[in-house]
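As provided, query36.txt (compact mmCIF, C-alpha atoms and all ligand atoms) reads as follows.
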```
# COMPACT_ATOMS: atom_id res chain seq x y z
CA MET A 1 0.00 0.00 0.00
CA ARG A 2 1.35 3.42 -0.94
CA GLU A 3 1.85 6.04 1.77
CA ASN A 4 -0.90 8.32 0.56
CA GLU A 5 -3.36 5.40 0.49
CA LEU A 6 -2.36 4.50 4.00
CA LYS A 7 -2.88 8.06 5.14
CA ASN A 8 -6.28 8.28 3.42
CA ILE A 9 -7.52 5.11 5.04
CA LEU A 10 -6.35 6.15 8.49
CA MET A 11 -7.93 9.61 8.12
CA GLU A 12 -11.16 8.20 6.78
CA LYS A 13 -11.38 5.73 9.66
CA GLY A 14 -10.70 8.38 12.31
CA GLN A 15 -7.25 6.96 13.16
CA GLU A 16 -5.14 10.12 12.76
CA HIS A 17 -3.02 9.16 15.79
CA ILE A 18 -1.76 6.09 13.95
CA TRP A 19 -0.70 8.24 11.01
CA GLU A 20 1.15 10.51 13.45
CA ALA A 21 2.92 7.51 14.95
CA TYR A 22 3.74 6.10 11.52
CA GLN A 23 5.48 9.26 10.37
CA LYS A 24 7.94 9.10 13.27
CA LEU A 25 9.21 5.62 12.30
CA ASP A 26 12.27 4.52 10.36
CA ASP A 27 11.78 2.50 7.16
CA ALA A 28 11.65 -0.89 8.87
CA GLY A 29 9.13 0.37 11.43
CA LYS A 30 7.00 1.93 8.71
CA GLU A 31 6.95 -1.31 6.78
CA LYS A 32 5.90 -3.31 9.83
CA LEU A 33 3.12 -0.95 10.87
CA ALA A 34 1.84 -0.52 7.31
CA ALA A 35 1.62 -4.31 6.92
CA GLN A 36 -0.47 -4.52 10.09
CA ILE A 37 -2.77 -1.70 8.97
CA GLU A 38 -3.32 -3.41 5.64
CA ARG A 39 -4.62 -6.47 7.44
CA VAL A 40 -7.07 -4.57 9.66
CA ASP A 41 -10.67 -5.65 9.12
CA TRP A 42 -12.34 -2.25 9.36
CA SER A 43 -15.80 -3.76 9.53
CA MET A 44 -14.70 -5.31 12.83
CA VAL A 45 -13.29 -2.06 14.18
CA ALA A 46 -16.51 -0.27 13.22
CA MET A 47 -18.27 -2.44 15.83
CA ALA A 48 -16.47 -0.65 18.68
CA GLY A 49 -19.13 0.65 21.05
CA HIS A 50 -21.91 -0.69 18.83
CA GLU A 51 -23.00 -3.83 20.57
CA GLU A 52 -26.49 -2.92 19.38
CA LEU A 53 -25.38 -3.89 15.88
CA ALA A 54 -24.94 -7.44 17.10
CA GLN A 55 -27.31 -9.76 15.32
CA GLU A 56 -30.85 -9.95 16.59
CA ARG A 57 -32.02 -13.44 17.37
CA GLY A 58 -34.56 -15.14 15.12
CA LYS A 59 -37.31 -17.51 16.19
CA LEU A 60 -35.99 -20.02 18.72
CA GLU A 61 -37.22 -23.60 18.95
CA PRO A 62 -35.87 -26.57 20.87
CA LEU A 63 -33.60 -29.06 19.13
CA SER A 64 -33.82 -32.55 20.58
CA ALA A 65 -30.59 -34.32 21.42
CA LEU A 66 -29.47 -37.87 20.88
CA GLU A 67 -29.49 -38.66 24.58
CA VAL A 68 -27.12 -40.91 26.51
CA SER A 69 -29.71 -43.70 26.85
CA ALA A 70 -30.29 -43.83 23.07
CA ILE A 71 -26.54 -43.59 22.40
CA ASN A 72 -25.86 -46.51 24.71
CA GLU A 73 -28.46 -48.67 22.98
CA ASN A 74 -26.60 -48.23 19.68
CA LYS A 75 -23.11 -47.79 21.02
CA GLU A 76 -21.55 -50.77 19.23
CA LYS A 77 -23.03 -49.77 15.91
CA TYR A 78 -21.90 -46.14 16.22
CA GLU A 79 -18.46 -47.11 17.43
CA LYS A 80 -17.95 -49.41 14.46
CA ILE A 81 -19.00 -46.71 11.97
CA GLY A 82 -16.68 -44.24 13.73
CA LEU A 83 -13.70 -46.59 13.87
CA ASP A 84 -14.16 -47.53 10.21
CA ALA A 85 -14.08 -43.81 9.27
CA ILE A 86 -10.99 -43.23 11.42
CA ARG A 87 -9.23 -46.26 9.93
CA ALA A 88 -10.11 -45.05 6.44
CA GLY A 89 -8.29 -41.80 7.30
CA LYS A 90 -11.43 -39.71 7.01
CA VAL A 91 -11.22 -38.04 10.43
CA GLY A 92 -8.84 -35.31 11.57
CA ALA A 93 -8.71 -33.36 14.83
CA VAL A 94 -8.15 -29.66 15.39
CA LEU A 95 -6.94 -28.36 18.72
CA LEU A 96 -7.87 -24.72 19.27
CA ALA A 97 -4.95 -23.40 21.26
CA GLY A 98 -4.65 -19.82 20.08
CA GLY A 99 -6.35 -18.25 23.10
CA GLN A 100 -4.51 -16.21 25.68
CA GLY A 101 -5.97 -17.86 28.77
CA THR A 102 -6.10 -14.55 30.59
CA ARG A 103 -8.40 -15.86 33.30
CA LEU A 104 -5.90 -18.54 34.24
CA GLY A 105 -3.37 -15.76 34.47
CA SER A 106 -0.33 -17.75 33.42
CA ASP A 107 1.90 -16.39 30.71
CA GLY A 108 2.45 -18.62 27.73
CA PRO A 109 0.32 -21.29 26.09
CA LYS A 110 -2.41 -22.71 28.33
CA GLY A 111 -1.51 -26.23 27.24
CA LYS A 112 1.87 -25.90 28.98
CA TYR A 113 0.14 -25.53 32.32
CA ASN A 114 1.14 -28.28 34.74
CA ILE A 115 -1.87 -29.72 36.56
CA GLY A 116 0.04 -32.57 38.19
CA LEU A 117 0.07 -33.03 41.96
CA THR A 118 2.71 -35.70 42.51
CA LYS A 119 4.24 -35.60 39.03
CA ASP A 120 4.23 -33.40 35.93
CA VAL A 121 0.98 -33.58 34.00
CA TYR A 122 0.64 -30.91 31.33
CA ILE A 123 -2.67 -29.99 29.74
CA PHE A 124 -1.30 -30.79 26.25
CA GLU A 125 -0.10 -34.14 27.54
CA ARG A 126 -3.55 -35.02 28.90
CA LEU A 127 -5.13 -34.19 25.55
CA ILE A 128 -2.64 -36.33 23.66
CA ARG A 129 -3.29 -39.23 26.07
CA ASN A 130 -7.03 -38.87 25.45
CA LEU A 131 -6.44 -39.00 21.71
CA GLN A 132 -4.17 -42.03 22.12
CA ASP A 133 -7.04 -43.94 23.78
CA VAL A 134 -8.76 -43.73 20.40
CA THR A 135 -5.74 -44.30 18.19
CA ASP A 136 -4.76 -47.37 20.24
CA LYS A 137 -8.23 -48.78 19.70
CA ALA A 138 -8.31 -47.87 16.01
CA GLY A 139 -4.77 -49.11 15.41
CA CYS A 140 -3.92 -46.00 13.38
CA TYR A 141 -3.19 -42.34 13.97
CA VAL A 142 -5.53 -39.40 13.66
CA PRO A 143 -3.92 -36.29 12.10
CA LEU A 144 -3.85 -33.51 14.65
CA TYR A 145 -3.83 -29.85 13.59
CA ILE A 146 -2.96 -27.37 16.31
CA MET A 147 -4.03 -23.76 16.01
CA THR A 148 -1.77 -21.28 17.75
CA SER A 149 -1.49 -17.50 17.53
CA ASP A 150 1.29 -15.02 17.02
CA LYS A 151 1.43 -14.71 20.82
CA ASN A 152 2.16 -18.35 21.59
CA HIS A 153 3.18 -20.15 18.39
CA GLU A 154 6.90 -20.51 18.97
CA GLU A 155 6.52 -21.51 22.59
CA THR A 156 3.88 -24.11 21.75
CA VAL A 157 5.94 -25.73 19.00
CA ALA A 158 9.08 -25.66 21.17
CA PHE A 159 7.18 -27.35 24.01
CA PHE A 160 5.93 -30.18 21.80
CA GLU A 161 9.47 -30.62 20.48
CA GLU A 162 10.93 -30.64 23.98
CA LYS A 163 8.39 -33.24 25.13
CA ASN A 164 8.80 -35.31 21.99
CA TYR A 165 5.13 -34.78 21.14
CA PHE A 166 4.24 -36.84 24.21
CA GLY A 167 4.83 -39.95 22.14
CA TYR A 168 2.46 -39.00 19.31
CA PRO A 169 4.16 -39.32 15.90
CA LYS A 170 5.35 -35.91 14.81
CA GLU A 171 4.40 -36.49 11.16
CA HIS A 172 0.76 -36.52 12.23
CA VAL A 173 0.93 -33.18 14.06
CA MET A 174 0.71 -29.89 12.16
CA PHE A 175 0.65 -26.36 13.54
CA PHE A 176 -0.96 -23.32 11.99
CA GLN A 177 -1.43 -19.77 13.17
CA GLN A 178 -4.70 -17.94 13.43
CA GLU A 179 -5.38 -14.37 12.34
CA MET A 180 -4.85 -11.45 14.68
CA ALA A 181 -7.29 -8.59 15.27
CA PRO A 182 -6.63 -5.05 16.52
CA SER A 183 -7.99 -3.61 19.76
CA THR A 184 -9.42 -0.14 20.31
CA ASP A 185 -10.15 2.17 23.20
CA PHE A 186 -13.76 2.90 24.09
CA ASP A 187 -13.86 5.58 21.37
CA GLY A 188 -12.89 3.12 18.65
CA LYS A 189 -9.31 4.45 18.35
CA LEU A 190 -6.80 1.71 17.56
CA LEU A 191 -4.45 1.00 20.46
CA MET A 192 -0.72 0.57 19.95
CA GLU A 193 1.51 -1.79 21.91
CA GLU A 194 4.84 -0.62 20.51
CA LYS A 195 6.01 2.40 18.52
CA ASP A 196 5.79 0.31 15.35
CA SER A 197 3.00 -2.08 16.27
CA LEU A 198 -0.73 -2.01 16.80
CA SER A 199 -2.07 -3.83 19.83
CA LEU A 200 -3.02 -7.14 18.24
CA SER A 201 -4.62 -10.19 19.76
CA PRO A 202 -5.97 -13.49 18.47
CA ASN A 203 -9.27 -12.91 16.64
CA GLY A 204 -11.27 -15.52 18.55
CA ASN A 205 -11.72 -19.21 17.81
CA GLY A 206 -14.26 -18.74 15.00
CA GLY A 207 -11.77 -18.17 12.20
CA TRP A 208 -10.04 -21.53 12.59
CA PHE A 209 -11.04 -23.00 9.23
CA TYR A 210 -10.35 -19.75 7.39
CA SER A 211 -6.89 -19.78 8.99
CA MET A 212 -6.37 -23.40 7.94
CA ALA A 213 -7.11 -22.28 4.41
CA VAL A 214 -4.98 -19.13 4.29
CA THR A 215 -2.01 -20.85 5.90
CA GLY A 216 -2.27 -23.69 3.37
CA VAL A 217 -2.82 -26.38 6.01
CA VAL A 218 -6.09 -27.32 4.38
CA LYS A 219 -4.04 -28.77 1.50
CA ASP A 220 -2.79 -31.37 3.94
CA VAL A 221 -6.39 -32.11 4.95
CA HIS A 222 -7.22 -32.82 1.32
CA ALA A 223 -4.01 -34.69 0.58
CA ARG A 224 -4.84 -37.07 3.43
CA GLY A 225 -8.43 -37.49 2.27
CA ILE A 226 -9.89 -36.15 5.51
CA GLU A 227 -13.66 -35.64 5.29
CA TRP A 228 -14.48 -34.73 8.90
CA LEU A 229 -12.76 -32.44 11.38
CA ASN A 230 -13.30 -32.70 15.12
CA ILE A 231 -12.46 -29.42 16.76
CA PHE A 232 -11.96 -29.02 20.47
CA ALA A 233 -10.77 -26.58 23.12
CA VAL A 234 -7.40 -26.80 24.82
CA ASP A 235 -8.79 -26.40 28.30
CA ASN A 236 -11.10 -29.39 28.75
CA VAL A 237 -8.77 -32.04 30.11
CA LEU A 238 -11.45 -34.76 29.98
CA GLN A 239 -12.01 -34.03 26.32
CA ARG A 240 -12.69 -37.12 24.19
CA ILE A 241 -11.05 -36.47 20.83
CA ALA A 242 -12.12 -38.18 17.59
CA ASP A 243 -14.52 -40.16 19.77
CA PRO A 244 -15.60 -43.04 17.50
CA VAL A 245 -19.11 -43.18 19.01
CA PHE A 246 -19.65 -39.46 18.35
CA VAL A 247 -18.21 -39.74 14.85
CA GLY A 248 -20.31 -42.83 14.10
CA ALA A 249 -23.54 -41.30 15.43
CA THR A 250 -23.01 -38.12 13.39
CA LEU A 251 -22.27 -40.06 10.21
CA ASP A 252 -25.23 -42.35 10.85
CA SER A 253 -27.52 -39.33 11.34
CA GLY A 254 -26.71 -38.04 7.85
CA ARG A 255 -26.12 -34.57 9.31
CA VAL A 256 -23.27 -32.30 8.29
CA SER A 257 -22.10 -31.47 11.81
CA GLY A 258 -22.30 -32.70 15.36
CA ALA A 259 -21.93 -31.02 18.73
CA LYS A 260 -21.22 -32.64 22.05
CA VAL A 261 -23.57 -31.29 24.67
CA VAL A 262 -24.16 -31.75 28.38
CA ARG A 263 -27.47 -31.63 30.22
CA LYS A 264 -27.85 -28.30 31.99
CA ALA A 265 -27.28 -28.43 35.73
CA ASP A 266 -30.16 -25.98 36.25
CA PRO A 267 -32.31 -23.84 33.95
CA HIS A 268 -30.16 -20.76 34.54
CA GLU A 269 -26.76 -22.37 34.06
CA LYS A 270 -24.55 -19.96 32.09
CA VAL A 271 -23.91 -22.06 29.01
CA GLY A 272 -24.62 -21.65 25.33
CA VAL A 273 -27.59 -23.84 24.45
CA LEU A 274 -27.89 -25.73 21.18
CA CYS A 275 -31.33 -25.15 19.65
CA LEU A 276 -32.96 -24.13 16.39
CA GLU A 277 -33.10 -20.52 15.25
CA ASP A 278 -35.28 -19.85 12.23
CA GLY A 279 -35.14 -23.57 11.54
CA LYS A 280 -31.35 -23.82 11.51
CA PRO A 281 -29.10 -25.08 14.30
CA SER A 282 -27.88 -22.33 16.56
CA ILE A 283 -26.16 -21.76 19.85
CA VAL A 284 -27.82 -19.18 22.00
CA GLU A 285 -26.26 -17.75 25.15
CA TYR A 286 -28.19 -17.79 28.41
CA TYR A 287 -28.37 -13.98 28.45
CA GLU A 288 -30.02 -13.95 25.03
CA MET A 289 -32.95 -16.04 26.25
CA THR A 290 -36.11 -14.83 27.94
CA ASP A 291 -37.14 -16.40 31.26
CA GLU A 292 -40.08 -17.96 29.46
CA ILE A 293 -37.77 -19.76 27.03
CA ILE A 294 -35.34 -20.73 29.75
CA ASN A 295 -38.07 -22.29 31.88
CA SER A 296 -40.16 -23.90 29.15
CA ARG A 297 -40.58 -27.66 29.47
CA GLU A 298 -41.43 -30.60 27.25
CA ALA A 299 -44.35 -32.98 27.93
CA ASN A 300 -42.00 -35.32 29.86
CA GLY A 301 -41.00 -32.50 32.22
CA ASP A 302 -37.49 -31.98 30.77
CA LEU A 303 -36.35 -28.46 30.00
CA SER A 304 -36.99 -27.67 26.33
CA TYR A 305 -33.61 -25.93 26.07
CA ASN A 306 -31.74 -28.49 28.06
CA PHE A 307 -28.35 -29.01 26.46
CA GLY A 308 -25.27 -26.81 26.67
CA VAL A 309 -22.30 -26.99 24.30
CA ILE A 310 -18.79 -27.89 25.49
CA LEU A 311 -16.72 -26.79 22.47
CA ASN A 312 -16.34 -30.16 20.85
CA TYR A 313 -17.75 -30.21 17.33
CA LEU A 314 -17.52 -32.39 14.26
CA PHE A 315 -17.75 -30.71 10.85
CA ARG A 316 -17.92 -32.09 7.33
CA VAL A 317 -15.01 -30.54 5.44
CA ASP A 318 -16.88 -29.86 2.19
CA LYS A 319 -19.49 -27.88 4.14
CA LEU A 320 -16.78 -25.90 5.92
CA GLU A 321 -15.46 -24.91 2.54
CA GLU A 322 -18.87 -23.69 1.46
CA ILE A 323 -19.26 -21.41 4.48
CA MET A 324 -15.62 -20.33 4.78
CA ASP A 325 -16.13 -16.85 3.38
CA ALA A 326 -19.49 -16.21 5.00
CA LYS A 327 -19.62 -13.16 7.24
CA MET A 328 -19.70 -14.19 10.87
CA PRO A 329 -20.98 -11.95 13.66
CA VAL A 330 -18.26 -9.99 15.43
CA HIS A 331 -18.31 -10.20 19.22
CA VAL A 332 -17.13 -7.00 20.87
CA VAL A 333 -15.62 -7.68 24.28
CA GLU A 334 -14.51 -5.16 26.89
CA LYS A 335 -11.03 -6.11 28.10
CA LYS A 336 -8.01 -4.85 30.00
CA ILE A 337 -5.64 -4.10 27.14
CA PRO A 338 -2.01 -3.16 27.75
CA TYR A 339 -1.02 -0.28 25.47
CA MET A 340 1.50 2.45 24.71
CA ASP A 341 0.44 6.09 24.50
CA ALA A 342 1.61 8.68 21.94
CA GLU A 343 4.50 9.71 24.21
CA GLY A 344 5.79 6.15 24.42
CA ASN A 345 4.59 5.42 27.97
CA TYR A 346 3.38 1.86 28.64
CA TYR A 347 0.23 1.08 30.63
CA LYS A 348 -1.16 -2.16 32.05
CA PRO A 349 -4.72 -1.26 33.06
CA GLU A 350 -6.41 -2.79 36.11
CA THR A 351 -9.89 -2.31 34.67
CA PRO A 352 -11.21 -2.71 31.12
CA ASN A 353 -10.03 0.14 28.90
CA GLY A 354 -11.15 -0.91 25.45
CA TYR A 355 -12.52 -3.48 23.06
CA LYS A 356 -11.25 -6.65 21.49
CA PHE A 357 -13.04 -8.19 18.53
CA GLU A 358 -13.65 -11.90 18.24
CA LEU A 359 -15.25 -14.43 15.94
CA LEU A 360 -16.63 -17.46 17.74
CA VAL A 361 -16.81 -21.03 16.54
CA LEU A 362 -20.32 -21.42 17.89
CA ASP A 363 -21.55 -19.03 15.20
CA MET A 364 -20.40 -21.50 12.56
CA ILE A 365 -23.12 -23.92 13.54
CA HIS A 366 -25.81 -21.51 12.43
CA LEU A 367 -24.30 -21.34 8.95
CA LEU A 368 -24.89 -25.06 8.52
CA ASP A 369 -28.12 -26.80 7.59
CA ASN A 370 -28.16 -29.25 10.45
CA CYS A 371 -26.29 -30.52 13.48
CA LEU A 372 -26.53 -33.62 15.62
CA SER A 373 -26.85 -32.70 19.28
CA PHE A 374 -24.98 -35.53 21.01
CA GLU A 375 -25.32 -35.84 24.78
CA VAL A 376 -22.32 -36.79 26.91
CA VAL A 377 -22.04 -37.31 30.64
CA ARG A 378 -20.64 -34.14 32.15
CA ASN A 379 -18.49 -35.77 34.82
CA TYR A 380 -16.84 -38.08 32.30
CA GLU A 381 -16.15 -35.57 29.54
CA PHE A 382 -16.17 -32.01 30.78
CA ALA A 383 -13.46 -30.59 33.02
CA PRO A 384 -12.66 -27.13 31.66
CA ILE A 385 -9.80 -25.13 33.12
CA LYS A 386 -10.62 -21.44 32.89
CA ASN A 387 -9.57 -20.18 36.34
CA LYS A 388 -6.99 -21.05 39.00
CA THR A 389 -9.57 -21.79 41.70
CA GLY A 390 -13.34 -22.12 42.05
CA VAL A 391 -15.67 -22.93 39.16
CA ASP A 392 -14.05 -24.42 36.02
CA SER A 393 -10.64 -24.27 37.59
CA VAL A 394 -7.43 -26.20 37.96
CA GLU A 395 -8.81 -27.52 41.25
CA SER A 396 -12.18 -28.64 39.89
CA ALA A 397 -10.51 -30.28 36.88
CA GLN A 398 -8.02 -32.11 39.13
CA ALA A 399 -10.92 -33.50 41.18
CA LEU A 400 -12.73 -34.66 38.03
CA LEU A 401 -9.59 -36.25 36.60
CA LYS A 402 -9.12 -38.21 39.82
CA GLU A 403 -12.77 -39.26 39.73
CA ASN A 404 -12.04 -40.66 36.26
CA GLY A 405 -9.03 -42.59 37.47
CA VAL A 406 -6.33 -40.32 36.06
CA GLU A 407 -3.18 -40.19 38.18
CA LEU A 408 -1.96 -36.70 38.89
P1 LIG A 501 -11.72 -19.14 25.77
O1 LIG A 501 -12.98 -18.50 25.34
O2 LIG A 501 -11.73 -19.82 27.09
O3 LIG A 501 -10.57 -18.03 25.70
O4 LIG A 501 -11.25 -20.14 24.64
P2 LIG A 501 -9.07 -18.05 26.22
O5 LIG A 501 -8.37 -16.97 25.45
O6 LIG A 501 -8.45 -19.41 26.17
O7 LIG A 501 -9.16 -17.66 27.76
P3 LIG A 501 -9.53 -16.28 28.49
O8 LIG A 501 -10.95 -15.97 28.09
O9 LIG A 501 -8.54 -15.27 28.00
O10 LIG A 501 -9.37 -16.63 29.93
C1 LIG A 501 -11.88 -21.34 24.34
C2 LIG A 501 -10.99 -22.11 23.38
O11 LIG A 501 -10.79 -21.37 22.18
C3 LIG A 501 -9.41 -21.16 21.96
C4 LIG A 501 -8.75 -21.28 23.33
O12 LIG A 501 -7.38 -21.58 23.19
C5 LIG A 501 -9.59 -22.37 23.94
O13 LIG A 501 -9.19 -23.64 23.46
N1 LIG A 501 -9.19 -19.84 21.36
C6 LIG A 501 -9.74 -18.74 21.93
C7 LIG A 501 -8.42 -19.75 20.23
O14 LIG A 501 -7.89 -20.77 19.72
N2 LIG A 501 -8.22 -18.51 19.69
C8 LIG A 501 -8.75 -17.39 20.22
O15 LIG A 501 -8.55 -16.28 19.66
C9 LIG A 501 -9.54 -17.49 21.37
```

Translate the structure of the given file into C-alpha cells.
Ligand code: UTP
Amino acid sequence: MRENELKNILMEKGQEHIWEAYQKLDDAGKEKLAAQIERVDWSMVAMAGHEELAQERGKLEPLSALEVSAINENKEKYEKIGLDAIRAGKVGAVLLAGGQGTRLGSDGPKGKYNIGLTKDVYIFERLIRNLQDVTDKAGCYVPLYIMTSDKNHEETVAFFEEKNYFGYPKEHVMFFQQEMAPSTDFDGKLLMEEKDSLSLSPNGNGGWFYSMAVTGVVKDVHARGIEWLNIFAVDNVLQRIADPVFVGATLDSGRVSGAKVVRKADPHEKVGVLCLEDGKPSIVEYYEMTDEIINSREANGDLSYNFGVILNYLFRVDKLEEIMDAKMPVHVVEKKIPYMDAEGNYYKPETPNGYKFELLVLDMIHLLDNCLSFEVVRNYEFAPIKNKTGVDSVESAQALLKENGVEL
C-alpha cells in the first residue's frame, strides 16, 4: 500500500493518531506498521461501542438431542462406523490453542500448564493421552492440527518438540497460526503496543477453518483425504477427541455437523444452548434467552432448552469450505488491554479500557443446515480449566480427573 493510500484510510477511519505515529518511524518500522494496517478488518473495528449492531435473534425452537440412553443402545453400531471412518483416514482433529488464557493468568500457552500433583501432567499431555485412547483402539493415527497464535506459536511448538510430542508421531501433528485482530479504546481508536506495532490479539476461535485455508494447512487435509474435522478446546482435560461413538452417530444421522452437549445443571446455568433458530441449528447464550424460554418444558417434564455446548464439534469438510467466506458476527468484548500512548509510555490497566473483537466457533453452527446434538455425561467428559480456583478451575478439573481414574 502506498503512503498516501495508508494516510487516506487512516484519516477516513478516524485513526489520525496512527498516522502521526507512523510518520515518526524509520523505514523498517514503517513497513511493519503498514503491513499490520493493511490487514485490519475495518468492519470489525466499526463495531467498537456498537454492541447494538450485534445480530438480533430469530425464532428459537428446541432441538432434541441424541441422549445418553439412546446412544448406549446403539453404542456398538456407532463405534464401528466411527472406527471404520478413522481407519479409512477420514477423520482429523483440530486443537484450538490460540487463546490467551487470561483468566488462568499464566503467561504462555495454556496447554503448557502443569496440573500434576505428585508428578508433571501438562494440559497438552492429557489431551494427547485422550487422543491415544482412540488411536490405540483404532490401530492407526488421527492427524492432529494445532491452532496457535502469534502470541504463543513458537513456545507451543518448542514445548511439543521438547516433550517429543508426548509420544504421538510428529508427522501426524501440524501447527498453523490464526489471524490477529486489533484492539481499540472505548472511542474506537486503535491501540498501539509498541512504537511500530498495533495492539493485536488473536481474533477468537471462529476463524479456525479460514486460517487453515490461508495458511495452506487445508491442503494437507485434502491430501490425506480427511472428510471430517473434530475441533476441540485446549482447556477441557477430559475431552474425548475423535470419539468413534460421536463420529459414528453423526455419520449415521446423515447430518453435516455434530456437537457434544451436556445436560444443563439448572435452567439458569450460564452455558450456550444448542437449539434451532429460524429452523437452523444455533447456539444461544443464556443472556439472550427470555425467562419464558429458559423455563419452558417438554411434555415429559425436561427443559426444552436443556443441552449446553462444550466446544467439541464435528464438521464435514466440504461444508466448511462452502461457508468459509461467509460473514460471521463480530463479538465485541470489553477487556483490559495493555497499550503504549503517543509519548511512548506503557500502561497495564487494572480495569477494562477498550474493546477486542472476536469471531466465535459457535456461530459456525448456524451457517450449517443441520447438526446432531450428542449428549455426553458431564463428569466423564467435561473438566474445563478457565480459572486457577473455584468454578471451572485447575482444582475442579483435578478433582474430576481423579474421579475418572487419572493419576496426577
Ligand atoms: P476461551 O474462550 O476460554 O478463551 O477459549 P481463552 O483466550 O483461552 O481464555 P480467556 O478468556 O482469555 O481466559 C476457548 C478455546 O478457544 C481457543 C482457546 O485456546 C480455547 O481452546 N481460542 C480462543 C483460540 O484458539 N483462539 C482465540 O482467539 C480465542

What separation in Å, quoted to one decimal, exists between atom CA of A:Lys388 and atom CA of A:Asp363?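 Here the two named atoms are 28.0 Å from each other.
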
Considering only C-alpha atoms, can you say which of A:Tyr287, A:Arg39, A:Ala342, A:Tyr313 comes closest to A:Trp19?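 Nearest to A:Trp19: A:Ala342.
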
Report the distance between atom CA of A:Tyr286 and atom CA of A:Val309 in Å, rounded to one decimal place.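 Calculated distance between atom CA of A:Tyr286 and atom CA of A:Val309 is 11.7 Å.
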
Please determine an axis-aligned box that encloses all atoms of ligand LIG 501 (chain A) listed in the file, with 5 Å added on each side, and express its centre and edge lengths in Å to one decimal as AutoDock Vina command-line options.
```
--center_x -10.2 --center_y -19.5 --center_z 24.8 --size_x 15.6 --size_y 18.4 --size_z 20.3
```

Closest contacts (stretch 340-389 of chain A/stretch 105-128 of chain A, max 12 Å, all atoms listed in the file) as a Markdown table:
```
| residue | atom | partner | partner_atom | distance |
| --- | --- | --- | --- | --- |
| A:Glu381 | CA | A:Leu127 | CA | 11.8 |
| A:Ala383 | CA | A:Ile123 | CA | 11.3 |
| A:Pro384 | CA | A:Ile123 | CA | 10.6 |
| A:Ile385 | CA | A:Lys110 | CA | 9.1 |
| A:Lys386 | CA | A:Gly105 | CA | 9.3 |
| A:Asn387 | CA | A:Gly105 | CA | 7.8 |
| A:Lys388 | CA | A:Gly105 | CA | 7.8 |
| A:Thr389 | CA | A:Gly105 | CA | 11.3 |
```

Residues within 10 Å of A:Ser304, please, as a VMD selection string. Count only C-alpha atoms; anything in the same chain fewer than 6 positions from it doesn't count. chain A and resid 61 to 64 267 275 293 to 298

Residues from the last selection, C-alpha atoms, saved as a PDB file, in the frame of the given file:
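What follows is the written file part-v1.pdb:
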```pdb
ATOM      1  CA  GLU A  61     -37.220 -23.600  18.950  1.00  0.00           C
ATOM      2  CA  PRO A  62     -35.870 -26.570  20.870  1.00  0.00           C
ATOM      3  CA  LEU A  63     -33.600 -29.060  19.130  1.00  0.00           C
ATOM      4  CA  SER A  64     -33.820 -32.550  20.580  1.00  0.00           C
ATOM      5  CA  PRO A 267     -32.310 -23.840  33.950  1.00  0.00           C
ATOM      6  CA  CYS A 275     -31.330 -25.150  19.650  1.00  0.00           C
ATOM      7  CA  ILE A 293     -37.770 -19.760  27.030  1.00  0.00           C
ATOM      8  CA  ILE A 294     -35.340 -20.730  29.750  1.00  0.00           C
ATOM      9  CA  ASN A 295     -38.070 -22.290  31.880  1.00  0.00           C
ATOM     10  CA  SER A 296     -40.160 -23.900  29.150  1.00  0.00           C
ATOM     11  CA  ARG A 297     -40.580 -27.660  29.470  1.00  0.00           C
ATOM     12  CA  GLU A 298     -41.430 -30.600  27.250  1.00  0.00           C
TER      13      GLU A 298
END
```

Hey, which residues come within 7 Å of ligand LIG 501 (chain A) if we count only C-alpha atoms and all ligand atoms? Could you give them as a list in words?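 Checking only C-alpha atoms and all ligand atoms against ligand LIG 501 (chain A) at 7 Å gives Leu96, Ala97, Gly98, Gly99, Gln100, Gly101, Thr102, Arg103, Leu104, Met147, Thr148, Pro202, Asn203, Gly204, Asn205, Phe232, Ala233, Val234, Asp235, Glu358 and Lys386 of chain A.
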
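Residue nearest A:Leu144, chosen from A:Gly188, A:Gly405, A:Gly167, A:Gly92 and counting only C-alpha atoms: A:Gly92.
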
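If you measure from each of A:Ser257, A:Ser183, A:Asn236, A:Asn345 to A:Gly49 using all atoms listed in the file, the closest one turns out to be A:Ser183.
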
Between atom CA of A:Arg378 and atom CA of A:Ala265, measure the distance and give it in Å to one decimal. 9.5 Å

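Using all atoms listed in the file for every distance, the candidate list A:Lys336, A:His17, A:Lys90, A:Lys24 yields A:Lys336 as the residue closest to A:Tyr355.
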
Can you tell me which residues surround stretch 40-47 of chain A at a distance of at most 10 Å, considering all atoms listed in the file, apart from same-chain residues fewer than 3 positions away, and format the answer as a PyMOL selection string? chain A and resi 9+13+35-37+50-54+180-184+188-190+198+200+329-332+355-359

Between A:Val394, A:Ala65, A:Glu227, A:Asp291, which is the closest to A:Gly308 once you count all atoms listed in the file?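 With all atoms listed in the file as the atom set, the closest residue is A:Ala65.
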
Within 9 Å of (-18.2, -48.0, 18.7), in the coordinates the file gives, what residues turn up when you count all atoms listed in the file, written out as a list in words? Asn74, Lys75, Glu76, Lys77, Tyr78, Glu79, Lys80, Ile81, Gly82, Leu83, Asp243, Pro244, Val245, Phe246 and Gly248 of chain A

Go ahead and find all residues with at least one atom no further than 12 Å from (6.9, -36.0, 17.9) in the file's coordinates, using only C-alpha atoms; report them as JSON, numbers by chain. {"A": [128, 144, 157, 158, 159, 160, 161, 162, 163, 164, 165, 166, 167, 168, 169, 170, 171, 172, 173, 174]}
